[in-house]
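Listing of work02.cif; format and content: mmCIF, C-alpha atoms.
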```
data_input
#
loop_
_atom_site.label_atom_id
_atom_site.label_comp_id
_atom_site.auth_asym_id
_atom_site.auth_seq_id
_atom_site.Cartn_x
_atom_site.Cartn_y
_atom_site.Cartn_z
CA MET A 16 3.72 27.73 -18.72
CA SER A 17 0.05 27.12 -19.34
CA ALA A 18 -0.83 23.65 -18.08
CA GLY A 19 -2.47 21.42 -20.62
CA LYS A 20 -0.95 22.93 -23.79
CA ARG A 21 1.98 20.54 -23.89
CA GLY A 22 1.42 16.90 -24.63
CA SER A 23 3.43 13.75 -25.20
CA PRO A 24 2.41 10.85 -27.44
CA GLU A 25 1.27 8.93 -24.35
CA LYS A 26 -1.33 11.63 -23.75
CA THR A 27 -2.43 12.23 -27.34
CA LYS A 28 -2.77 8.52 -28.11
CA PRO A 29 -6.11 7.02 -26.94
CA SER A 30 -5.77 5.10 -23.68
CA ILE A 31 -7.57 4.32 -20.42
CA PHE A 32 -6.29 7.66 -19.14
CA TRP A 33 -8.66 9.45 -21.52
CA PHE A 34 -11.58 7.64 -19.87
CA LEU A 35 -10.34 8.37 -16.34
CA ALA A 36 -9.69 12.05 -17.14
CA ALA A 37 -13.14 12.41 -18.68
CA ILE A 38 -14.61 11.35 -15.33
CA ALA A 39 -12.22 13.07 -12.90
CA PHE A 40 -11.99 16.58 -14.30
CA PRO A 41 -15.71 17.40 -14.72
CA LEU A 42 -16.47 15.98 -11.26
CA SER A 43 -13.64 17.95 -9.67
CA TRP A 44 -14.42 21.32 -11.28
CA PRO A 45 -16.79 22.56 -8.52
CA ILE A 46 -14.40 21.29 -5.83
CA MET A 47 -10.99 22.61 -6.90
CA ARG A 48 -9.29 25.26 -8.99
CA TRP A 49 -5.75 24.81 -10.19
CA GLU A 50 -2.53 26.78 -10.05
CA ILE A 51 0.22 24.76 -11.68
CA LYS A 52 3.79 25.96 -12.18
CA GLY A 53 6.69 24.20 -13.85
CA THR A 54 7.01 21.66 -16.62
CA LEU A 55 7.66 17.98 -17.25
CA PRO A 56 9.55 16.61 -20.27
CA GLU A 57 7.34 15.78 -23.24
CA ARG A 58 9.23 12.51 -23.79
CA GLY A 59 11.38 10.16 -21.79
CA ALA A 60 11.40 8.75 -18.28
CA PHE A 61 10.97 10.96 -15.24
CA ILE A 62 10.13 10.82 -11.53
CA VAL A 63 7.82 13.28 -9.80
CA ALA A 64 8.64 13.50 -6.07
CA PRO A 65 5.92 15.42 -4.15
CA ASN A 66 5.26 16.14 -0.49
CA HIS A 67 2.31 14.34 1.11
CA THR A 68 -0.30 16.01 3.35
CA SER A 69 -3.63 14.32 2.48
CA GLU A 70 -4.99 10.97 1.37
CA VAL A 71 -6.45 12.75 -1.67
CA ASP A 72 -2.95 13.77 -2.86
CA PRO A 73 -2.53 10.85 -5.30
CA LEU A 74 -5.72 11.75 -7.17
CA ILE A 75 -4.72 15.41 -7.36
CA MET A 76 -1.14 14.66 -8.38
CA GLY A 77 -2.35 12.27 -11.06
CA MET A 78 -4.60 14.99 -12.46
CA ALA A 79 -1.79 17.56 -12.28
CA VAL A 80 0.63 15.33 -14.18
CA TRP A 81 -2.05 14.78 -16.84
CA LYS A 82 -2.53 18.56 -17.09
CA LEU A 83 1.22 18.87 -17.59
CA GLY A 84 1.03 16.60 -20.59
CA ARG A 85 2.10 13.20 -19.29
CA ALA A 86 0.36 10.01 -18.17
CA PRO A 87 0.37 9.58 -14.37
CA ARG A 88 1.71 6.37 -12.87
CA PHE A 89 2.35 5.32 -9.30
CA MET A 90 4.15 2.55 -7.52
CA ALA A 91 1.42 0.54 -5.80
CA ALA A 92 1.56 -2.36 -3.32
CA ASP A 93 1.65 -5.61 -5.27
CA ARG A 94 -1.29 -6.99 -3.23
CA LEU A 95 -3.57 -4.40 -4.87
CA PHE A 96 -2.91 -5.96 -8.26
CA ARG A 97 -4.57 -9.15 -7.00
CA VAL A 98 -7.83 -7.38 -6.17
CA LYS A 99 -10.48 -8.25 -8.75
CA GLY A 100 -11.37 -5.25 -10.89
CA LEU A 101 -8.87 -2.90 -9.27
CA GLY A 102 -5.97 -5.04 -10.43
CA TRP A 103 -7.21 -4.81 -14.03
CA ILE A 104 -7.36 -1.01 -13.86
CA LEU A 105 -3.91 -0.81 -12.30
CA ARG A 106 -2.38 -3.01 -14.98
CA LYS A 107 -4.17 -1.29 -17.86
CA SER A 108 -3.07 2.14 -16.66
CA GLY A 109 0.55 1.04 -16.31
CA GLN A 110 0.84 1.31 -12.53
CA ILE A 111 3.93 -0.36 -11.07
CA PRO A 112 3.68 -3.13 -8.43
CA VAL A 113 6.13 -3.05 -5.52
CA SER A 114 6.75 -5.44 -2.65
CA ARG A 115 6.52 -4.38 1.00
CA ASP A 116 9.55 -6.36 2.20
CA ALA A 117 12.93 -4.61 2.00
CA ARG A 118 14.64 -7.04 -0.38
CA GLY A 119 11.64 -7.17 -2.68
CA ALA A 120 11.33 -3.38 -2.63
CA ASN A 121 14.96 -2.91 -3.67
CA GLN A 122 14.65 -5.39 -6.50
CA ALA A 123 11.38 -3.78 -7.57
CA ALA A 124 13.01 -0.34 -7.62
CA ILE A 125 15.70 -1.53 -10.01
CA ALA A 126 13.23 -3.40 -12.23
CA SER A 127 10.88 -0.41 -12.25
CA ALA A 128 13.69 1.97 -13.20
CA GLN A 129 14.67 -0.24 -16.10
CA GLN A 130 11.06 -0.42 -17.27
CA LEU A 131 10.58 3.34 -17.04
CA ALA A 132 13.79 4.01 -18.96
CA ARG A 133 12.99 1.43 -21.63
CA LEU A 134 9.44 2.67 -22.21
CA GLY A 135 10.12 6.36 -21.62
CA GLN A 136 7.46 6.61 -18.91
CA GLY A 137 7.11 8.65 -15.74
CA VAL A 138 6.15 7.72 -12.19
CA ILE A 139 5.02 9.61 -9.08
CA ILE A 140 6.91 8.54 -5.96
CA TYR A 141 6.27 10.06 -2.54
CA PRO A 142 9.76 10.32 -1.01
CA GLU A 143 8.33 10.51 2.53
CA GLY A 144 6.63 7.15 1.94
CA THR A 145 3.52 8.17 3.87
CA LEU A 146 1.64 11.24 5.10
CA THR A 147 3.88 13.69 6.87
CA ARG A 148 3.89 13.57 10.68
CA GLU A 149 5.14 17.16 10.92
CA PRO A 150 2.55 19.06 13.03
CA ASN A 151 2.32 21.99 10.60
CA LEU A 152 2.35 19.84 7.46
CA TRP A 153 5.93 20.54 6.42
CA PRO A 154 7.77 17.62 4.78
CA MET A 155 9.40 15.10 7.10
CA ARG A 156 12.47 12.92 6.54
CA GLY A 157 12.38 10.94 3.31
CA LYS A 158 12.94 7.34 2.35
CA ASN A 159 15.29 6.36 -0.43
CA GLY A 160 12.78 4.93 -2.95
CA ALA A 161 12.78 7.87 -5.36
CA ALA A 162 16.57 8.26 -5.23
CA ARG A 163 17.13 4.53 -5.71
CA VAL A 164 14.88 4.36 -8.77
CA ALA A 165 16.47 7.51 -10.22
CA LEU A 166 20.04 6.30 -9.80
CA SER A 167 19.23 2.80 -11.06
CA ALA A 168 18.69 4.10 -14.60
CA ASP A 169 19.75 7.77 -14.60
CA ILE A 170 16.17 9.07 -14.47
CA PRO A 171 15.62 12.76 -13.61
CA VAL A 172 13.78 13.55 -10.36
CA TYR A 173 11.43 16.54 -10.41
CA PRO A 174 10.84 17.82 -6.85
CA THR A 175 7.22 18.89 -6.48
CA ALA A 176 5.24 20.76 -3.85
CA ILE A 177 1.47 20.47 -3.51
CA TRP A 178 -0.65 22.62 -1.21
CA GLY A 179 -4.41 22.81 -0.70
CA ALA A 180 -5.34 19.13 -0.79
CA GLN A 181 -5.43 19.13 3.03
CA ASN A 182 -8.32 21.60 2.86
CA ILE A 183 -10.38 19.11 0.85
CA LEU A 184 -9.52 16.06 2.96
CA PRO A 185 -7.60 16.83 6.19
CA ARG A 186 -4.78 14.52 7.11
CA TYR A 187 -6.09 11.19 8.49
CA SER A 188 -9.69 12.39 8.26
CA LYS A 189 -12.42 10.35 6.60
CA LYS A 190 -14.69 13.38 6.22
CA PRO A 191 -13.98 15.64 3.23
CA THR A 192 -14.50 19.38 3.46
CA LEU A 193 -16.07 20.20 0.12
CA GLY A 194 -15.95 23.94 -0.34
CA TRP A 195 -16.44 25.80 -3.60
CA ARG A 196 -13.38 25.55 -5.84
CA THR A 197 -10.67 25.14 -3.20
CA LYS A 198 -7.33 26.36 -4.54
CA ILE A 199 -4.85 23.59 -5.32
CA THR A 200 -1.29 24.73 -5.97
CA VAL A 201 1.23 22.40 -7.59
CA HIS A 202 4.77 23.60 -8.27
CA VAL A 203 7.14 21.34 -10.20
CA GLY A 204 10.78 22.35 -9.81
CA GLU A 205 13.89 21.77 -11.88
CA PRO A 206 15.37 18.26 -11.75
CA VAL A 207 17.49 17.54 -8.67
CA SER A 208 21.17 17.09 -9.48
CA LEU A 209 22.16 13.65 -8.20
CA THR A 210 25.33 13.26 -10.29
CA GLU A 211 27.59 13.06 -7.22
CA PHE A 212 25.80 9.83 -6.26
CA THR A 213 26.01 8.13 -9.66
CA GLY A 214 27.20 4.54 -9.33
CA ARG A 215 26.68 4.55 -5.55
CA MET A 216 23.13 3.29 -5.26
CA HIS A 217 24.26 0.44 -3.01
CA SER A 218 25.80 2.86 -0.53
CA ALA A 219 23.53 3.70 2.42
CA SER A 220 25.23 7.07 2.94
CA ALA A 221 24.82 7.94 -0.75
CA MET A 222 21.13 7.04 -0.68
CA LYS A 223 20.68 9.14 2.45
CA GLY A 224 22.45 12.10 0.85
CA ALA A 225 20.49 11.85 -2.40
CA THR A 226 17.20 11.61 -0.52
CA GLU A 227 18.09 14.65 1.58
CA LEU A 228 18.75 16.66 -1.59
CA VAL A 229 15.33 15.71 -2.97
CA MET A 230 13.58 16.59 0.30
CA HIS A 231 15.47 19.90 0.51
CA ASP A 232 14.21 20.95 -2.93
CA VAL A 233 10.64 19.81 -2.19
CA THR A 234 10.68 21.83 1.03
CA ARG A 235 12.00 24.98 -0.70
CA LEU A 236 9.21 24.76 -3.27
CA LEU A 237 6.61 24.41 -0.51
CA GLU A 238 8.07 27.43 1.27
CA GLY A 239 7.50 29.42 -1.90
CA ILE A 240 3.86 28.37 -2.10
CA ARG A 241 3.11 28.97 1.58
CA GLY A 242 5.17 32.13 1.91
CA GLU A 243 6.63 30.76 5.14
CA GLU A 244 9.92 29.34 6.32
CA ALA A 245 10.07 25.63 7.07
CA PRO A 246 11.79 24.24 10.18
CA ALA A 247 15.56 24.07 9.75
CA GLU A 248 15.58 20.29 10.23
CA LEU A 249 13.29 17.76 8.59
CA TYR A 250 10.87 16.24 11.07
CA ASP A 251 11.83 12.78 12.33
CA PRO A 252 8.88 10.82 13.82
CA ALA A 253 11.22 8.48 15.70
CA LYS A 254 12.63 11.39 17.70
CA HIS A 255 9.09 12.17 18.84
CA GLY A 256 8.19 8.63 19.82
CA GLN A 257 5.93 8.16 16.81
CA SER A 258 5.58 5.40 14.28
CA GLU A 259 5.31 6.46 10.66
CA HIS A 260 1.99 4.69 10.07
CA GLY A 261 -1.45 4.91 11.65
CA LYS A 262 -3.00 7.83 13.53
CA PHE A 263 -1.56 9.72 16.44
CA PRO A 264 -3.57 11.86 18.88
CA GLN A 265 -3.02 15.32 17.46
CA ASP A 266 -4.39 14.21 14.08
CA ARG A 267 -7.75 12.95 15.31
CA GLY A 268 -10.55 15.24 14.40
CA GLY A 269 -8.69 16.59 11.38
CA SER A 270 -6.39 19.38 12.54
CA SER A 271 -4.88 20.11 9.12
CA ARG A 272 -6.87 23.29 8.50
CA GLU A 273 -5.52 24.83 11.70
CA ALA A 274 -2.05 23.81 10.59
CA GLY A 275 -1.69 26.35 7.82
CA GLY A 276 -4.43 25.43 5.34
CA ALA A 277 -4.37 27.41 2.12
#
```

Using structure tokens, write down the structure from this file.
Amino acid sequence: MSAGKRGSPEKTKPSIFWFLAAIAFPLSWPIMRWEIKGTLPERGAFIVAPNHTSEVDPLIMGMAVWKLGRAPRFMAADRLFRVKGLGWILRKSGQIPVSRDARGANQAAIASAQQLARLGQGVIIYPEGTLTREPNLWPMRGKNGAARVALSADIPVYPTAIWGAQNILPRYSKKPTLGWRTKITVHVGEPVSLTEFTGRMHSASAMKGATELVMHDVTRLLEGIRGEEAPAELYDPAKHGQSEHGKFPQDRGGSSREAGGA
């Protein structure tokens, strides 16, 4: 598939995304070159579930989804929608507010799924919830957000692997490494089959199982890009005495390039 040749009405109809794309792609041309595999549906709701290795991932994934013919949307913390200027952009571009507290997050997932299904829109959800803690940048255990949204309204989940972003901005680093046309590989897989969990979105074991299926497919796609075999078990920060947020010692100084940079 040649990225950019397909297009849905939400891409061909004038919108704020045209303006954002007109800025992002020319500026990024000297910095990155693309290799995109896979497809997204031209119409209808969908979820893109990628791995997460760099703070620049959202920008790159948004651009990749646009190249694949759809408008990129994310679930963003509701507090960001109250920031003057930024909130306007988020609302105009159809980004989806979510609450940080557990009850609010669950309610938001259901409401978001209904909105996506009704409007036939897509959303990018990072199933890990944050940057991976895995020392060599393999995916770690996932959270159930993507599975919960998918099962709330029977929305297909497209597992996605991205590799190369960590060479532009290493994990937890504030200093970009701007080389000439760094290769960015994005591979979108076939939708994950979650039919065995239909009607069980309130079951913790079902959500865990559905999330594990998503993470399994994401990991297999990343293995294909890297040409390496991932650890047999998904990394669990808790088992290593780590929180899932903030820095930890081995990340300071930006060690991502040593950890298998493309």

For A:Glu211, the nearest of the candidates A:Glu244, A:Asp169, A:Asp251, A:Glu238, counting all atoms listed in the file: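 Checking each candidate against A:Glu211, we get A:Asp169 as the closest.
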
From A:Ala221, A:Ala86, A:Met78, A:Val71, residue lying nearest A:Lys28 [only C-alpha atoms]: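 Counting only C-alpha atoms, the residue closest to A:Lys28 is A:Ala86.
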
Residues selected by the PyMOL selection byres ((chain A and resi 199) around 7), written as a PyMOL selection string: chain A and resi 47-50+178-180+197-198+200-201

Residue contacts of A:Gly160 (8 Å, all atoms listed in the file) excluding same-chain residues fewer than 2 positions away, as a ChimeraX atom specification: /A:124,140,142,158,162-164

Neighbour list for A:Phe89 as a ChimeraX atom specification, cut-off 12 Å, all atoms listed in the file, skip fewer than 2 positions in-chain: /A:61-65,72-74,76-77,80,86-87,91-93,105-106,108-113,127,131,136-141,161
